[in-house]
Amino acid sequence: MLTNKLNLPRSIVAAVTNDGYSRGKSDISVTQLISPPFQRKLRETVEPQEDVADRIWSLLGQSVHTVLERAYPEGTTDAVVETRLFTTVEGWSVSGQMDVLEAGTLMDFKVTSVWSRKGKPEWEQQLNLLAALCRRQMAETGDVRFNVNRIQIIAIFRDWVQSKTLAGDDYPESQVAVIPVPLWTEEEQDAFLVERVRLHQAARPEPCTDEERWKTNDVWALMKEGRKSAVKLFTSEMEANAAADAAGSGHSVVHRRGEYKRCANYCSVSHGCPVWQSVPF
């Protein structure tokens, strides 16, 4: 069910609703493979709930297709662009769509946050699974255009601020950055591909792990009377209490529990998840 709590214009609602994505005639896509099996299983019985506003960044991410159409006009033969590949694993048809494969470099475009400038584990997993599909395609067809010897993310930072480039740290110098991604061995790619398919084939998948739920760590905040923000955050209660004692009167320690960020903000079936609904926050 798609809601529109902010009463956004009809044009935005229509653009979000008319999503032409399809995994083709496959049992599962690469994107689904790297997602939690428990979450995917829930979707079979729980109707997803999303708001139009929550889909805006995804909508803008789809604008990359226009960029690729301009960069690689119809008739381009020296690159493989926006092509969906298929393979069979453990009896399932697995598909994955690449953005661009050119001169041995597999590229995936992401509209993302500056906070992700060092990459994400799921990006590494996604690109290596796509590389495995490319390798299998080349073995089947002999088409050397599908040879992959390097993988990378082309990141477009939606929240980039030019003034922050003066800070002198590792803040991106531009709104766009190329993020190299480790290319696994063929054995590692194939083993991960089989592992993920088997996990998703389970009749009763295990509940999502803390890592899959994007759990943040518990912290202890050193607070000062009359101040709203923490003086300092600690990962150890003992260290926090010692700091409070050293700071003297007017200081206290507040325990801030870790959060399950995916469950709270990025899972469309969390409202029907028995695990999430049992979490007391």
# chains A, B, ... in the order shown; residues from 1 in each chain; ligands from 1
$ select_by_dssp --residues "segment 165-266 of chain A" --states "strand (DSSP E)" --output "ChimeraX atom specification"
/A:176-181,219-224,232-234,251-256
$ closest_atom_pairs --of "segment 88-170 of chain A" --to "segment 16-32 of chain A" --cutoff "10 Å" --atoms "only C-alpha atoms" --output "JSON lines"
{"residue": "A:Thr88", "atom": "CA", "partner": "A:Ser26", "partner_atom": "CA", "distance": 9.1}
{"residue": "A:Gly91", "atom": "CA", "partner": "A:Asp27", "partner_atom": "CA", "distance": 9.4}
{"residue": "A:Trp92", "atom": "CA", "partner": "A:Asp27", "partner_atom": "CA", "distance": 5.8}
{"residue": "A:Ser93", "atom": "CA", "partner": "A:Ser26", "partner_atom": "CA", "distance": 4.8}
{"residue": "A:Val94", "atom": "CA", "partner": "A:Ile28", "partner_atom": "CA", "distance": 5.2}
{"residue": "A:Ser95", "atom": "CA", "partner": "A:Ser29", "partner_atom": "CA", "distance": 4.7}
{"residue": "A:Gly96", "atom": "CA", "partner": "A:Val30", "partner_atom": "CA", "distance": 5.1}
{"residue": "A:Gln97", "atom": "CA", "partner": "A:Val30", "partner_atom": "CA", "distance": 8.1}
{"residue": "A:Glu122", "atom": "CA", "partner": "A:Thr31", "partner_atom": "CA", "distance": 9.1}
{"residue": "A:Trp123", "atom": "CA", "partner": "A:Thr31", "partner_atom": "CA", "distance": 9.8}
{"residue": "A:Gln125", "atom": "CA", "partner": "A:Val30", "partner_atom": "CA", "distance": 9.0}
{"residue": "A:Gln126", "atom": "CA", "partner": "A:Val30", "partner_atom": "CA", "distance": 6.5}
{"residue": "A:Leu127", "atom": "CA", "partner": "A:Val30", "partner_atom": "CA", "distance": 9.1}
{"residue": "A:Asn128", "atom": "CA", "partner": "A:Val30", "partner_atom": "CA", "distance": 9.9}
{"residue": "A:Leu129", "atom": "CA", "partner": "A:Val30", "partner_atom": "CA", "distance": 6.8}
{"residue": "A:Leu130", "atom": "CA", "partner": "A:Val30", "partner_atom": "CA", "distance": 7.4}
{"residue": "A:Leu133", "atom": "CA", "partner": "A:Val30", "partner_atom": "CA", "distance": 9.6}
$ write_last_selection --atoms "C-alpha atoms" --output "PDB file, in the first residue's frame"
ATOM      1  CA  THR A  88      20.540 -20.906 -12.861  1.00  0.00           C
ATOM      2  CA  GLY A  91      17.309 -24.840  -9.465  1.00  0.00           C
ATOM      3  CA  TRP A  92      16.382 -21.148  -9.330  1.00  0.00           C
ATOM      4  CA  SER A  93      16.622 -18.628 -12.122  1.00  0.00           C
ATOM      5  CA  VAL A  94      18.666 -15.659 -10.871  1.00  0.00           C
ATOM      6  CA  SER A  95      18.737 -12.345 -12.732  1.00  0.00           C
ATOM      7  CA  GLY A  96      20.669  -9.135 -12.344  1.00  0.00           C
ATOM      8  CA  GLN A  97      20.786  -5.895 -14.295  1.00  0.00           C
ATOM      9  CA  GLU A 122      25.862  -4.555   0.055  1.00  0.00           C
ATOM     10  CA  TRP A 123      27.389  -2.648  -2.881  1.00  0.00           C
ATOM     11  CA  GLN A 125      28.038  -7.986  -2.715  1.00  0.00           C
ATOM     12  CA  GLN A 126      25.812  -6.672  -5.506  1.00  0.00           C
ATOM     13  CA  LEU A 127      28.637  -5.890  -7.912  1.00  0.00           C
ATOM     14  CA  ASN A 128      30.410  -9.186  -7.322  1.00  0.00           C
ATOM     15  CA  LEU A 129      27.209 -11.110  -7.975  1.00  0.00           C
ATOM     16  CA  LEU A 130      26.737  -9.114 -11.188  1.00  0.00           C
ATOM     17  CA  LEU A 133      26.617 -13.322 -13.952  1.00  0.00           C
TER      18      LEU A 133
END
$ atom_distance --atom1 "atom CA of Ala247 of chain A" --atom2 "atom CA of Leu222 of chain A"
9.4 Å
$ closest_residue --among "A:Arg136, A:Arg10, A:Arg158, A:Lys120" --to "Leu60 of chain A" --atoms "only C-alpha atoms"
A:Arg158
$ atom_distance --atom1 "atom CA of Thr76 of chain A" --atom2 "atom CA of Val100 of chain A"
11.7 Å
$ residues_around --residues "Ser116 of chain A" --least-positions-apart "5" --cutoff "12 Å" --atoms "only C-alpha atoms" --output "PyMOL selection string"
chain A and resi 110-111+121-123+153-160+170-172+177-179
$ write_last_selection --atoms "C-alpha atoms" --output "PDB file, in the first residue's frame"
ATOM      1  CA  LYS A 110      24.246   5.278  -7.077  1.00  0.00           C
ATOM      2  CA  VAL A 111      22.475   8.425  -5.925  1.00  0.00           C
ATOM      3  CA  PRO A 121      29.027  -4.043   2.089  1.00  0.00           C
ATOM      4  CA  GLU A 122      25.862  -4.555   0.055  1.00  0.00           C
ATOM      5  CA  TRP A 123      27.389  -2.648  -2.881  1.00  0.00           C
ATOM      6  CA  ILE A 153      30.545   2.565  -7.920  1.00  0.00           C
ATOM      7  CA  ILE A 154      29.866   5.924  -9.552  1.00  0.00           C
ATOM      8  CA  ALA A 155      28.437   7.800  -6.575  1.00  0.00           C
ATOM      9  CA  ILE A 156      26.341  10.934  -7.006  1.00  0.00           C
ATOM     10  CA  PHE A 157      26.059  12.587  -3.597  1.00  0.00           C
ATOM     11  CA  ARG A 158      22.614  14.051  -3.030  1.00  0.00           C
ATOM     12  CA  ASP A 159      23.663  15.941   0.142  1.00  0.00           C
ATOM     13  CA  TRP A 160      27.089  17.218  -0.939  1.00  0.00           C
ATOM     14  CA  ASP A 170      38.174  12.959   3.434  1.00  0.00           C
ATOM     15  CA  TYR A 171      35.076  14.879   2.384  1.00  0.00           C
ATOM     16  CA  PRO A 172      34.441  14.430  -1.365  1.00  0.00           C
ATOM     17  CA  ALA A 177      33.061  10.241  -6.989  1.00  0.00           C
ATOM     18  CA  VAL A 178      34.356   6.900  -8.239  1.00  0.00           C
ATOM     19  CA  ILE A 179      34.460   4.358  -5.428  1.00  0.00           C
TER      20      ILE A 179
END
$ closest_residue --among "A:Thr165, A:Gln39, A:Leu85, A:Leu8" --to "Ile56 of chain A" --atoms "only C-alpha atoms"
A:Leu8
$ closest_atom_pairs --of "segment 223-277 of chain A" --to "segment 207-213 of chain A" --cutoff "12 Å" --atoms "only C-alpha atoms" --output "Markdown table"
| residue | atom | partner | partner_atom | distance |
| --- | --- | --- | --- | --- |
| A:Gly258 | CA | A:Asp210 | CA | 10.3 |
| A:Glu259 | CA | A:Arg213 | CA | 8.9 |
| A:Tyr260 | CA | A:Arg213 | CA | 5.5 |
| A:Lys261 | CA | A:Arg213 | CA | 6.5 |
| A:Arg262 | CA | A:Arg213 | CA | 5.1 |
| A:Cys263 | CA | A:Arg213 | CA | 6.1 |
| A:Ala264 | CA | A:Arg213 | CA | 9.0 |
| A:Asn265 | CA | A:Arg213 | CA | 10.3 |
| A:Tyr266 | CA | A:Arg213 | CA | 9.4 |
| A:Cys267 | CA | A:Arg213 | CA | 9.1 |
| A:Ser270 | CA | A:Arg213 | CA | 10.7 |
| A:Cys273 | CA | A:Pro207 | CA | 9.6 |
| A:Pro274 | CA | A:Pro207 | CA | 9.4 |
| A:Val275 | CA | A:Pro207 | CA | 7.3 |
| A:Trp276 | CA | A:Arg213 | CA | 9.6 |
$ closest_residue --among "A:Trp184, A:Phe109, A:Phe86, A:Tyr72" --to "Gln137 of chain A" --atoms "only C-alpha atoms"
A:Phe86
$ atom_distance --atom1 "atom CA of Pro48 of chain A" --atom2 "atom CA of Leu193 of chain A"
26.3 Å
